[in-house]
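**Student:** Dropping in start13.txt, which is compact mmCIF, C-alpha atoms:
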# COMPACT_ATOMS: atom_id res chain seq x y z
CA MET M 1 -18.30 -47.78 -18.78
CA GLU M 2 -15.44 -46.40 -16.69
CA ARG M 3 -14.25 -42.79 -16.76
CA ASP M 4 -10.88 -43.60 -18.31
CA GLU M 5 -12.59 -45.29 -21.26
CA LEU M 6 -14.46 -42.18 -22.37
CA ALA M 7 -13.83 -38.66 -23.62
CA THR M 8 -15.13 -35.93 -21.32
CA ALA M 9 -18.20 -35.16 -23.44
CA SER M 10 -19.15 -38.84 -23.43
CA TRP M 11 -18.61 -39.16 -19.68
CA LEU M 12 -20.91 -36.21 -19.04
CA VAL M 13 -23.70 -38.09 -20.81
CA ALA M 14 -22.95 -41.64 -19.67
CA GLY M 15 -21.63 -41.30 -16.12
CA GLY M 16 -23.85 -42.03 -13.14
CA ARG M 17 -26.53 -43.93 -15.06
CA PRO M 18 -28.19 -47.10 -13.73
CA HIS M 19 -27.14 -50.34 -15.44
CA GLY M 20 -28.80 -53.64 -16.25
CA PRO M 21 -31.93 -54.91 -17.98
CA GLY M 22 -35.02 -52.97 -17.00
CA SER M 23 -33.06 -50.21 -15.27
CA PRO M 24 -34.38 -46.66 -15.66
CA MET M 25 -32.40 -44.37 -17.95
CA ASN M 26 -31.95 -41.85 -15.13
CA PRO M 27 -31.35 -42.36 -11.41
CA PRO M 28 -34.77 -42.05 -9.78
CA MET M 29 -35.55 -39.47 -7.14
CA VAL M 30 -36.00 -41.06 -3.71
CA PRO M 31 -38.15 -38.70 -1.64
CA SER M 32 -37.57 -40.41 1.68
CA SER M 33 -35.81 -39.03 4.73
CA THR M 34 -35.37 -42.42 6.39
CA PHE M 35 -34.87 -46.06 5.43
CA GLN M 36 -35.86 -49.33 7.04
CA HIS M 37 -33.20 -51.12 9.06
CA GLY M 38 -31.32 -54.05 7.62
CA ALA M 39 -29.27 -52.41 4.84
CA ASP M 40 -26.61 -49.72 4.47
CA ARG M 41 -28.92 -46.70 4.32
CA LEU M 42 -30.53 -45.43 7.52
CA TYR M 43 -31.07 -41.68 7.38
CA SER M 44 -30.79 -39.27 4.50
CA ARG M 45 -28.67 -36.67 6.30
CA SER M 46 -25.80 -39.11 6.63
CA ASP M 47 -26.42 -41.77 3.97
CA ALA M 48 -26.35 -40.69 0.33
CA THR M 49 -29.33 -41.31 -1.89
CA THR M 50 -29.11 -42.56 -5.46
CA GLY M 51 -29.29 -39.01 -6.81
CA TRP M 52 -26.35 -37.72 -4.80
CA GLU M 53 -24.24 -40.71 -5.68
CA ALA M 54 -24.81 -40.17 -9.40
CA VAL M 55 -23.82 -36.49 -9.21
CA GLU M 56 -20.75 -37.40 -7.20
CA GLU M 57 -19.76 -40.07 -9.71
CA VAL M 58 -20.02 -37.70 -12.67
CA VAL M 59 -18.30 -34.68 -11.10
CA GLY M 60 -15.67 -36.82 -9.39
CA GLY M 61 -14.89 -38.38 -12.75
CA LEU M 62 -14.61 -34.94 -14.35
CA GLU M 63 -12.21 -33.65 -11.72
CA GLY M 64 -10.30 -36.88 -11.18
CA GLY M 65 -11.08 -37.30 -7.49
CA THR M 66 -13.71 -38.31 -4.94
CA ALA M 67 -16.72 -35.99 -4.89
CA LEU M 68 -19.20 -35.06 -2.18
CA ALA M 69 -22.44 -33.24 -3.01
CA PHE M 70 -23.54 -30.38 -0.73
CA SER M 71 -26.64 -28.26 -0.34
CA SER M 72 -24.84 -25.24 -1.84
CA GLY M 73 -21.44 -24.08 -2.97
CA MET M 74 -21.05 -22.16 0.29
CA ALA M 75 -21.84 -25.31 2.26
CA ALA M 76 -18.95 -27.02 0.47
CA VAL M 77 -16.69 -24.03 1.23
CA ALA M 78 -17.71 -24.10 4.88
CA ALA M 79 -16.88 -27.80 5.09
CA VAL M 80 -13.36 -27.16 3.77
CA LEU M 81 -12.87 -24.37 6.30
CA ASP M 82 -14.22 -26.63 9.04
CA HIS M 83 -11.27 -28.94 8.33
CA LEU M 84 -8.87 -26.30 9.67
CA PRO M 85 -7.49 -26.53 13.21
CA ALA M 86 -8.07 -23.73 15.71
CA GLY M 87 -5.63 -20.89 15.15
CA ALA M 88 -5.04 -21.76 11.50
CA THR M 89 -3.84 -19.28 8.90
CA ILE M 90 -5.57 -18.90 5.53
CA ALA M 91 -4.10 -17.38 2.38
CA LEU M 92 -6.93 -15.75 0.44
CA PRO M 93 -6.76 -14.00 -2.96
CA ASP M 94 -7.50 -10.29 -3.05
CA ASP M 95 -10.28 -10.95 -5.58
CA CYS M 96 -12.62 -13.83 -4.90
CA TYR M 97 -16.28 -14.67 -4.44
CA GLN M 98 -17.70 -12.33 -1.79
CA GLY M 99 -19.35 -15.18 0.13
CA VAL M 100 -15.99 -16.85 0.68
CA ALA M 101 -14.38 -13.59 1.79
CA MET M 102 -17.25 -12.86 4.18
CA LEU M 103 -17.14 -16.36 5.68
CA VAL M 104 -13.38 -16.14 6.21
CA ASP M 105 -13.70 -12.66 7.74
CA ARG M 106 -16.38 -13.96 10.10
CA GLY M 107 -13.97 -16.66 11.29
CA VAL M 108 -11.30 -13.99 11.83
CA ASP M 109 -13.73 -11.92 13.92
CA GLN M 110 -14.51 -15.01 16.00
CA GLY M 111 -10.81 -15.70 16.57
CA ARG M 112 -10.94 -19.04 14.73
CA TRP M 113 -8.11 -18.22 12.30
CA THR M 114 -6.06 -15.45 10.73
CA VAL M 115 -5.99 -14.49 7.07
CA ARG M 116 -3.33 -13.24 4.67
CA HIS M 117 -4.54 -11.57 1.49
CA LEU M 118 -2.42 -12.08 -1.62
CA PRO M 119 -2.76 -10.79 -5.18
CA THR M 120 -4.20 -13.57 -7.34
CA ALA M 121 -1.52 -13.18 -10.01
CA ASP M 122 1.51 -12.94 -7.68
CA THR M 123 2.74 -16.50 -8.11
CA ALA M 124 5.95 -15.96 -6.14
CA ALA M 125 3.99 -14.71 -3.12
CA TRP M 126 1.74 -17.77 -3.18
CA VAL M 127 4.64 -20.19 -3.47
CA ALA M 128 6.50 -18.45 -0.65
CA VAL M 129 3.56 -18.66 1.73
CA LEU M 130 2.72 -22.36 1.28
CA ASP M 131 4.77 -23.48 4.27
CA GLU M 132 3.46 -20.64 6.42
CA VAL M 133 -0.29 -21.20 6.10
CA ASP M 134 -2.70 -24.07 6.69
CA LEU M 135 -4.95 -23.36 3.71
CA ALA M 136 -4.20 -21.68 0.39
CA TRP M 137 -7.49 -20.78 -1.29
CA LEU M 138 -7.23 -20.15 -5.03
CA GLU M 139 -9.88 -18.89 -7.43
CA SER M 140 -8.98 -18.73 -11.10
CA PRO M 141 -10.37 -17.01 -13.11
CA SER M 142 -11.37 -14.80 -10.20
CA ASN M 143 -14.76 -13.29 -9.49
CA PRO M 144 -15.35 -10.66 -10.85
CA LEU M 145 -12.00 -9.26 -12.04
CA LEU M 146 -11.11 -12.42 -14.01
CA ALA M 147 -7.57 -12.52 -12.62
CA ILE M 148 -5.60 -15.66 -13.46
CA ALA M 149 -3.64 -17.65 -10.86
CA ASP M 150 -0.79 -19.92 -11.87
CA VAL M 151 -2.52 -23.00 -10.48
CA PRO M 152 -0.01 -25.49 -11.98
CA THR M 153 2.95 -23.78 -10.28
CA ILE M 154 1.27 -23.07 -6.94
CA ALA M 155 -0.50 -26.42 -6.56
CA GLY M 156 2.50 -28.28 -7.95
CA THR M 157 4.90 -26.85 -5.35
CA ALA M 158 5.98 -29.28 -2.64
CA ARG M 159 4.62 -28.34 0.77
CA THR M 160 4.54 -29.80 4.26
CA SER M 161 0.93 -29.63 5.40
CA CYS M 162 -0.81 -26.76 3.64
CA VAL M 163 -4.07 -27.70 1.93
CA VAL M 164 -4.41 -26.13 -1.51
CA ALA M 165 -8.07 -25.61 -2.40
CA VAL M 166 -9.30 -24.28 -5.73
CA ASP M 167 -12.71 -22.80 -6.45
CA ASN M 168 -13.15 -24.12 -9.99
CA THR M 169 -16.64 -22.71 -10.56
CA PHE M 170 -15.69 -20.20 -13.28
CA ALA M 171 -13.33 -22.48 -15.20
CA THR M 172 -15.39 -25.68 -14.77
CA PRO M 173 -13.66 -29.09 -15.01
CA LEU M 174 -13.74 -28.76 -18.79
CA ASN M 175 -11.26 -25.87 -18.79
CA GLN M 176 -9.19 -26.68 -15.69
CA ARG M 177 -8.56 -29.76 -13.53
CA PRO M 178 -6.72 -28.54 -10.43
CA LEU M 179 -6.40 -31.96 -8.76
CA ALA M 180 -4.29 -33.19 -11.66
CA LEU M 181 -2.06 -30.15 -11.08
CA GLY M 182 -1.47 -30.94 -7.40
CA ALA M 183 -4.40 -29.33 -5.55
CA ASP M 184 -5.88 -31.17 -2.57
CA VAL M 185 -9.52 -30.22 -3.02
CA VAL M 186 -11.70 -28.51 -5.61
CA VAL M 187 -14.97 -26.76 -4.83
CA HIS M 188 -17.87 -25.94 -7.18
CA SER M 189 -21.06 -24.02 -6.83
CA ALA M 190 -23.16 -26.51 -8.80
CA THR M 191 -25.82 -23.80 -8.80
CA LYS M 192 -23.80 -22.20 -11.59
CA PHE M 193 -22.30 -23.95 -14.63
CA LEU M 194 -22.78 -27.56 -13.56
CA GLY M 195 -26.54 -27.14 -13.04
CA GLY M 196 -26.67 -24.52 -15.76
CA HIS M 197 -30.36 -23.55 -15.61
CA SER M 198 -30.69 -21.22 -12.59
CA ASP M 199 -33.13 -23.61 -10.93
CA LEU M 200 -31.28 -25.12 -7.96
CA LEU M 201 -28.85 -24.58 -5.10
CA ALA M 202 -26.11 -27.20 -4.80
CA GLY M 203 -22.38 -27.54 -4.30
CA VAL M 204 -19.67 -30.14 -4.76
CA ALA M 205 -16.28 -30.69 -3.13
CA VAL M 206 -13.84 -33.09 -4.80
CA THR M 207 -10.79 -34.39 -2.95
CA ALA M 208 -7.62 -35.60 -4.63
CA PRO M 209 -6.62 -39.28 -4.76
CA GLY M 210 -4.76 -40.14 -1.59
CA ARG M 211 -6.57 -37.51 0.49
CA ASP M 212 -8.92 -39.95 2.23
CA ASP M 213 -8.38 -38.00 5.46
CA LEU M 214 -9.70 -34.81 3.94
CA HIS M 215 -12.60 -36.63 2.29
CA ALA M 216 -13.56 -38.16 5.65
CA ASP M 217 -13.50 -34.75 7.34
CA LEU M 218 -15.69 -33.21 4.64
CA LEU M 219 -18.12 -36.11 4.89
CA THR M 220 -18.36 -35.63 8.65
CA ALA M 221 -18.86 -31.89 8.26
CA ARG M 222 -21.64 -32.49 5.73
CA SER M 223 -23.43 -35.02 7.89
CA LEU M 224 -23.17 -33.23 11.23
CA GLY M 225 -23.86 -29.84 9.68
CA GLY M 226 -26.84 -31.10 7.72
CA ALA M 227 -25.46 -29.68 4.48
CA THR M 228 -26.91 -32.39 2.26
CA PRO M 229 -28.60 -31.59 -1.05
CA GLY M 230 -32.26 -32.27 -1.57
CA THR M 231 -33.43 -35.10 -3.79
CA LEU M 232 -34.84 -32.75 -6.43
CA GLU M 233 -31.69 -30.63 -6.38
CA ALA M 234 -29.50 -33.68 -6.97
CA PHE M 235 -31.73 -34.72 -9.87
CA LEU M 236 -31.56 -31.26 -11.44
CA ALA M 237 -27.80 -30.95 -10.92
CA LEU M 238 -27.20 -34.25 -12.69
CA ARG M 239 -29.55 -33.41 -15.53
CA GLY M 240 -27.92 -30.02 -16.02
CA THR M 241 -24.40 -31.41 -15.96
CA ARG M 242 -25.23 -33.71 -18.88
CA THR M 243 -25.15 -30.72 -21.25
CA LEU M 244 -22.19 -28.85 -19.74
CA ALA M 245 -19.89 -29.46 -22.72
CA LEU M 246 -22.45 -28.16 -25.20
CA ARG M 247 -23.44 -25.16 -23.11
CA LEU M 248 -19.90 -24.11 -22.29
CA ALA M 249 -18.70 -24.39 -25.89
CA ALA M 250 -21.49 -22.12 -27.10
CA ALA M 251 -21.28 -19.65 -24.23
CA GLN M 252 -17.53 -19.14 -24.25
CA ALA M 253 -17.48 -18.67 -28.04
CA SER M 254 -20.08 -15.90 -27.63
CA ALA M 255 -18.20 -14.41 -24.66
CA GLN M 256 -15.09 -13.98 -26.79
CA VAL M 257 -17.08 -12.14 -29.48
CA LEU M 258 -18.84 -9.90 -26.96
CA ALA M 259 -15.61 -9.10 -25.10
CA GLU M 260 -13.95 -7.98 -28.32
CA ARG M 261 -16.90 -5.83 -29.35
CA LEU M 262 -17.34 -4.27 -25.92
CA ALA M 263 -13.64 -3.37 -25.92
CA ASP M 264 -14.21 -1.36 -29.10
CA HIS M 265 -17.29 0.50 -27.80
CA SER M 266 -16.77 4.09 -26.75
CA GLY M 267 -19.11 3.65 -23.80
CA VAL M 268 -16.83 1.08 -22.16
CA ASP M 269 -13.59 1.89 -20.33
CA VAL M 270 -12.20 -1.56 -19.51
CA VAL M 271 -13.11 -5.12 -20.49
CA ARG M 272 -11.81 -8.09 -18.50
CA HIS M 273 -11.82 -11.47 -20.21
CA PRO M 274 -8.93 -13.97 -20.34
CA GLY M 275 -9.40 -14.35 -24.09
CA LEU M 276 -8.44 -10.74 -24.82
CA PRO M 277 -4.73 -10.40 -25.71
CA ASP M 278 -4.33 -7.31 -23.50
CA HIS M 279 -6.00 -8.91 -20.46
CA PRO M 280 -3.52 -9.33 -17.57
CA GLY M 281 -2.87 -13.03 -17.38
CA HIS M 282 -3.92 -13.76 -20.97
CA ASP M 283 -0.68 -15.61 -21.76
CA LEU M 284 -0.91 -17.62 -18.54
CA ALA M 285 -4.55 -18.46 -19.25
CA ALA M 286 -3.67 -19.56 -22.76
CA ARG M 287 -1.03 -21.93 -21.33
CA THR M 288 -2.96 -23.33 -18.40
CA LEU M 289 -6.65 -23.33 -19.37
CA ASP M 290 -8.40 -25.36 -22.05
CA GLY M 291 -10.79 -22.47 -22.73
CA PHE M 292 -11.27 -18.87 -21.66
CA GLY M 293 -14.75 -19.36 -20.22
CA SER M 294 -17.99 -17.46 -20.57
CA MET M 295 -17.52 -14.86 -17.83
CA LEU M 296 -16.40 -11.29 -18.41
CA SER M 297 -16.67 -7.94 -16.69
CA PHE M 298 -16.52 -4.41 -18.05
CA ASP M 299 -16.60 -0.86 -16.71
CA VAL M 300 -19.27 1.44 -18.13
CA ALA M 301 -17.59 4.73 -18.97
CA ARG M 302 -19.93 7.02 -17.02
CA GLY M 303 -19.77 5.08 -13.76
CA ALA M 304 -22.35 3.68 -11.39
CA VAL M 305 -25.41 5.63 -12.56
CA ALA M 306 -24.84 4.70 -16.20
CA ALA M 307 -24.09 1.08 -15.25
CA GLU M 308 -27.34 0.79 -13.28
CA ALA M 309 -29.23 2.41 -16.14
CA MET M 310 -27.77 -0.10 -18.55
CA CYS M 311 -28.91 -2.98 -16.33
CA SER M 312 -32.42 -1.54 -16.43
CA THR M 313 -32.33 -1.03 -20.21
CA VAL M 314 -31.29 -4.46 -21.48
CA ARG M 315 -34.16 -6.66 -22.61
CA LEU M 316 -32.72 -10.05 -23.65
CA VAL M 317 -29.92 -9.97 -21.08
CA ARG M 318 -31.34 -10.51 -17.59
CA HIS M 319 -30.52 -8.17 -14.72
CA ALA M 320 -29.92 -10.78 -12.02
CA THR M 321 -27.36 -12.14 -9.62
CA SER M 322 -25.65 -15.54 -9.93
CA LEU M 323 -24.19 -16.86 -13.18
CA GLY M 324 -23.54 -19.89 -15.34
CA GLY M 325 -27.07 -20.37 -16.64
CA VAL M 326 -28.27 -20.84 -20.19
CA GLU M 327 -29.51 -17.24 -20.00
CA THR M 328 -27.14 -14.27 -20.14
CA SER M 329 -27.21 -12.15 -16.99
CA VAL M 330 -25.63 -8.88 -15.89
CA GLU M 331 -25.12 -7.24 -12.50
CA ARG M 332 -23.34 -4.22 -11.04
CA ARG M 333 -21.23 -5.90 -8.41
CA ALA M 334 -20.13 -2.78 -6.51
CA GLY M 335 -23.76 -2.22 -5.59
CA LEU M 336 -23.73 -5.30 -3.34
CA PRO M 337 -22.63 -5.39 0.32
CA GLY M 338 -18.98 -6.38 0.61
CA GLN M 339 -18.19 -5.44 -2.99
CA GLU M 340 -17.84 -1.69 -2.56
CA HIS M 341 -14.10 -1.90 -3.30
CA LEU M 342 -14.80 -2.75 -6.94
CA PRO M 343 -14.98 -0.11 -9.69
CA ALA M 344 -18.33 1.62 -9.35
CA GLY M 345 -19.28 1.07 -12.99
CA LEU M 346 -18.19 -2.57 -13.20
CA LEU M 347 -20.75 -4.94 -14.68
CA ARG M 348 -20.27 -8.69 -14.47
CA LEU M 349 -21.63 -10.49 -17.50
CA SER M 350 -22.37 -14.20 -17.51
CA VAL M 351 -22.81 -15.15 -21.16
CA GLY M 352 -25.39 -17.81 -21.92
CA CYS M 353 -26.56 -19.72 -24.96
CA GLU M 354 -28.60 -17.12 -26.85
CA ASP M 355 -27.62 -16.07 -30.38
CA VAL M 356 -24.56 -13.85 -30.08
CA GLU M 357 -25.89 -11.25 -32.52
CA ASP M 358 -29.06 -10.85 -30.47
CA LEU M 359 -26.95 -10.44 -27.34
CA TRP M 360 -24.71 -7.85 -28.93
CA ARG M 361 -27.67 -5.88 -30.29
CA ASP M 362 -29.16 -5.78 -26.79
CA LEU M 363 -25.91 -4.74 -25.10
CA ARG M 364 -25.03 -2.16 -27.78
CA THR M 365 -28.50 -0.61 -27.64
CA ALA M 366 -28.31 -0.31 -23.86
CA LEU M 367 -24.80 1.17 -24.01
CA ASP M 368 -25.81 3.67 -26.66
CA ALA M 369 -28.84 4.68 -24.59
CA VAL M 370 -26.78 5.53 -21.49
CA ALA M 371 -23.76 7.03 -23.26
Could you express the structure from this file as structure tokens?
**Tutor:**
Amino acid sequence: MERDELATASWLVAGGRPHGPGSPMNPPMVPSSTFQHGADRLYSRSDATTGWEAVEEVVGGLEGGTALAFSSGMAAVAAVLDHLPAGATIALPDDCYQGVAMLVDRGVDQGRWTVRHLPTADTAAWVAVLDEVDLAWLESPSNPLLAIADVPTIAGTARTSCVVAVDNTFATPLNQRPLALGADVVVHSATKFLGGHSDLLAGVAVTAPGRDDLHADLLTARSLGGATPGTLEAFLALRGTRTLALRLAAAQASAQVLAERLADHSGVDVVRHPGLPDHPGHDLAARTLDGFGSMLSFDVARGAVAAEAMCSTVRLVRHATSLGGVETSVERRAGLPGQEHLPAGLLRLSVGCEDVEDLWRDLRTALDAVA
């Protein structure tokens, strides 16, 4: 069945499956690096396998564009940046994934481009700069401060040549579809919510209808750069994406409960979650997102030492980097290189699919222990 015939939850389950009598239920893994001459496929670095094509069909259908699978989210980001001409100017939010910021800064150091940093929530500044930059990179909600960008206004503003790219990893296509709002390309770390089980590295870039030029450039960058996903990774990404609707519904419901309870705990100074009425950008998030997501961050009252102690005290919640898995994980972000500008006691919490009361008991016990 076609994407426009199905609700999103149905498409997640049905998209990308083989058809016809005797077909397997799932696209098979094809562990071959090369193919015999005489057909379309020749070499797996440049010619997609069945597994990639299925992932691209499902995610492209979710976002409403043409998808390309990559070996990681950063590989997809690098391909978008590779599209820029020499001497380009990039507009980058003041809060975004550290890997993106580090990659952009590296290009600045090499003289490839210049960068202008803008506050995520300053819509007027973003609109004003669109005809002055070659790439406007948006991330909403942002990582890890959960700032909200007005993607509909920024991406919907007429522009001459600026590419508007949106990292949609936190929101997922279930809560935000930037291409429908006017963005040119969307990027995902499929390692996170799409895969959902902390067992793979993969990325996806999805270009808007009518941006065949950008799609072709990304395809070339993937092929020449060797940024293709492995067969097993494509299989796992597709399998994980099947349950995205179920996982996200459970996780973001729990995140709302935990955010509210953490905000009332004396051991916490600040909680950042778009679902909290006093969160900056809450009203904008309520208007522009279909859900508030399962990510939140909070500042432990006694700073870095107490925050690190809490990470060591939790038992059900995992002290680990990355996010978007079925398991809840926590990490002190200011302890990582390139994140020193963040509040010292800030913990980023990726809420998973465990029972919310068990999660709260674990978090409350750890907070009480370090208070």
**Student:** Could you pull out every residue with an atom within 12 Å of (-35.0, -39.0, 1.7), file coordinates, counting all atoms listed in the file, and send them as a CSV table (one decimal) with C-alpha atoms, in the coordinates of the input?
**Tutor:**
chain,number,residue,atom,x,y,z
M,28,PRO,CA,-34.8,-42.0,-9.8
M,29,MET,CA,-35.6,-39.5,-7.1
M,30,VAL,CA,-36.0,-41.1,-3.7
M,31,PRO,CA,-38.2,-38.7,-1.6
M,32,SER,CA,-37.6,-40.4,1.7
M,33,SER,CA,-35.8,-39.0,4.7
M,34,THR,CA,-35.4,-42.4,6.4
M,35,PHE,CA,-34.9,-46.1,5.4
M,36,GLN,CA,-35.9,-49.3,7.0
M,41,ARG,CA,-28.9,-46.7,4.3
M,42,LEU,CA,-30.5,-45.4,7.5
M,43,TYR,CA,-31.1,-41.7,7.4
M,44,SER,CA,-30.8,-39.3,4.5
M,45,ARG,CA,-28.7,-36.7,6.3
M,46,SER,CA,-25.8,-39.1,6.6
M,47,ASP,CA,-26.4,-41.8,4.0
M,48,ALA,CA,-26.4,-40.7,0.3
M,49,THR,CA,-29.3,-41.3,-1.9
M,50,THR,CA,-29.1,-42.6,-5.5
M,51,GLY,CA,-29.3,-39.0,-6.8
M,52,TRP,CA,-26.4,-37.7,-4.8
M,228,THR,CA,-26.9,-32.4,2.3
M,229,PRO,CA,-28.6,-31.6,-1.0
M,230,GLY,CA,-32.3,-32.3,-1.6
M,231,THR,CA,-33.4,-35.1,-3.8
M,232,LEU,CA,-34.8,-32.8,-6.4
M,234,ALA,CA,-29.5,-33.7,-7.0
**Student:** How far is it from CA of Ala91 in chain M to CA of Leu276 in chain M, in Å with one decimal?
**Tutor:**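 About the pair CA of Ala91 in chain M and CA of Leu276 in chain M: they are 28.3 Å apart.
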**Student:** For Ala301 in chain M, please output as a list in words all residues within 12 Å (counting all atoms listed in the file; exclusion window: fewer than 4 positions along the same chain).
**Tutor:** Leu262, Ala263, His265, Ser266, Gly267, Val268, Asp269, Val270, Val271, Val305, Ala306, Ala307, Glu308, Met310, Pro343, Ala344, Gly345, Leu346, Leu347, Leu367, Asp368, Val370 and Ala371 of chain M
**Student:** Nearest residue to Gly275 in chain M out of M:Thr123, M:Ser254, M:Ser223, M:Thr157, using only C-alpha atoms?
**Tutor:** M:Ser254
**Student:** Need to verify the contact set: Pro337 in chain M, 12 Å, only C-alpha atoms, exclusion of same-chain residues closer than 4 positions in sequence. Can you return it as a PyMOL selection string?
**Tutor:** chain M and resi 98-99+101-102+332-333+341-342
**Student:** Because some atoms of range 350-357 of chain M are absent here, can you restore all heavy atoms and send them as a PDB file, keeping the file's coordinate frame?
**Tutor:**
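What ended up in rebuild_31.pdb:
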ATOM      1  N   SER M 350     -22.430 -12.749 -17.329  1.00  0.00           N
ATOM      2  CA  SER M 350     -22.370 -14.200 -17.510  1.00  0.00           C
ATOM      3  C   SER M 350     -23.052 -14.503 -18.846  1.00  0.00           C
ATOM      4  O   SER M 350     -24.264 -14.324 -18.985  1.00  0.00           O
ATOM      5  CB  SER M 350     -23.095 -14.910 -16.367  1.00  0.00           C
ATOM      6  OG  SER M 350     -23.219 -16.295 -16.627  1.00  0.00           O
ATOM      7  N   VAL M 351     -22.280 -14.952 -19.813  1.00  0.00           N
ATOM      8  CA  VAL M 351     -22.810 -15.150 -21.160  1.00  0.00           C
ATOM      9  C   VAL M 351     -23.437 -16.534 -21.268  1.00  0.00           C
ATOM     10  O   VAL M 351     -22.842 -17.537 -20.873  1.00  0.00           O
ATOM     11  CB  VAL M 351     -21.691 -14.980 -22.216  1.00  0.00           C
ATOM     12  CG1 VAL M 351     -22.257 -15.175 -23.626  1.00  0.00           C
ATOM     13  CG2 VAL M 351     -21.051 -13.602 -22.083  1.00  0.00           C
ATOM     14  N   GLY M 352     -24.642 -16.570 -21.788  1.00  0.00           N
ATOM     15  CA  GLY M 352     -25.390 -17.810 -21.920  1.00  0.00           C
ATOM     16  C   GLY M 352     -25.388 -18.354 -23.334  1.00  0.00           C
ATOM     17  O   GLY M 352     -24.424 -18.185 -24.084  1.00  0.00           O
ATOM     18  N   CYS M 353     -26.493 -18.964 -23.706  1.00  0.00           N
ATOM     19  CA  CYS M 353     -26.560 -19.720 -24.960  1.00  0.00           C
ATOM     20  C   CYS M 353     -27.456 -19.072 -26.020  1.00  0.00           C
ATOM     21  O   CYS M 353     -27.788 -19.716 -27.023  1.00  0.00           O
ATOM     22  CB  CYS M 353     -27.046 -21.142 -24.676  1.00  0.00           C
ATOM     23  SG  CYS M 353     -25.924 -22.094 -23.622  1.00  0.00           S
ATOM     24  N   GLU M 354     -27.824 -17.802 -25.832  1.00  0.00           N
ATOM     25  CA  GLU M 354     -28.600 -17.120 -26.850  1.00  0.00           C
ATOM     26  C   GLU M 354     -27.731 -16.853 -28.090  1.00  0.00           C
ATOM     27  O   GLU M 354     -26.497 -16.973 -28.054  1.00  0.00           O
ATOM     28  CB  GLU M 354     -29.142 -15.789 -26.324  1.00  0.00           C
ATOM     29  CG  GLU M 354     -29.959 -15.899 -25.035  1.00  0.00           C
ATOM     30  CD  GLU M 354     -29.126 -15.695 -23.783  1.00  0.00           C
ATOM     31  OE1 GLU M 354     -27.878 -15.903 -23.850  1.00  0.00           O
ATOM     32  OE2 GLU M 354     -29.701 -15.365 -22.736  1.00  0.00           O
ATOM     33  N   ASP M 355     -28.364 -16.453 -29.181  1.00  0.00           N
ATOM     34  CA  ASP M 355     -27.620 -16.070 -30.380  1.00  0.00           C
ATOM     35  C   ASP M 355     -26.758 -14.848 -30.072  1.00  0.00           C
ATOM     36  O   ASP M 355     -27.222 -13.861 -29.491  1.00  0.00           O
ATOM     37  CB  ASP M 355     -28.597 -15.750 -31.516  1.00  0.00           C
ATOM     38  CG  ASP M 355     -27.873 -15.384 -32.802  1.00  0.00           C
ATOM     39  OD1 ASP M 355     -27.533 -16.305 -33.558  1.00  0.00           O
ATOM     40  OD2 ASP M 355     -27.634 -14.170 -33.023  1.00  0.00           O
ATOM     41  N   VAL M 356     -25.502 -14.903 -30.459  1.00  0.00           N
ATOM     42  CA  VAL M 356     -24.560 -13.850 -30.080  1.00  0.00           C
ATOM     43  C   VAL M 356     -24.935 -12.504 -30.701  1.00  0.00           C
ATOM     44  O   VAL M 356     -24.714 -11.446 -30.097  1.00  0.00           O
ATOM     45  CB  VAL M 356     -23.118 -14.253 -30.433  1.00  0.00           C
ATOM     46  CG1 VAL M 356     -22.907 -14.303 -31.950  1.00  0.00           C
ATOM     47  CG2 VAL M 356     -22.113 -13.304 -29.786  1.00  0.00           C
ATOM     48  N   GLU M 357     -25.509 -12.521 -31.894  1.00  0.00           N
ATOM     49  CA  GLU M 357     -25.890 -11.250 -32.520  1.00  0.00           C
ATOM     50  C   GLU M 357     -27.051 -10.602 -31.778  1.00  0.00           C
ATOM     51  O   GLU M 357     -27.111  -9.372 -31.652  1.00  0.00           O
ATOM     52  CB  GLU M 357     -26.238 -11.468 -33.991  1.00  0.00           C
ATOM     53  CG  GLU M 357     -25.064 -11.953 -34.839  1.00  0.00           C
ATOM     54  CD  GLU M 357     -23.868 -11.007 -34.813  1.00  0.00           C
ATOM     55  OE1 GLU M 357     -24.076  -9.782 -34.605  1.00  0.00           O
ATOM     56  OE2 GLU M 357     -22.727 -11.478 -34.978  1.00  0.00           O
TER      57      GLU M 357
END
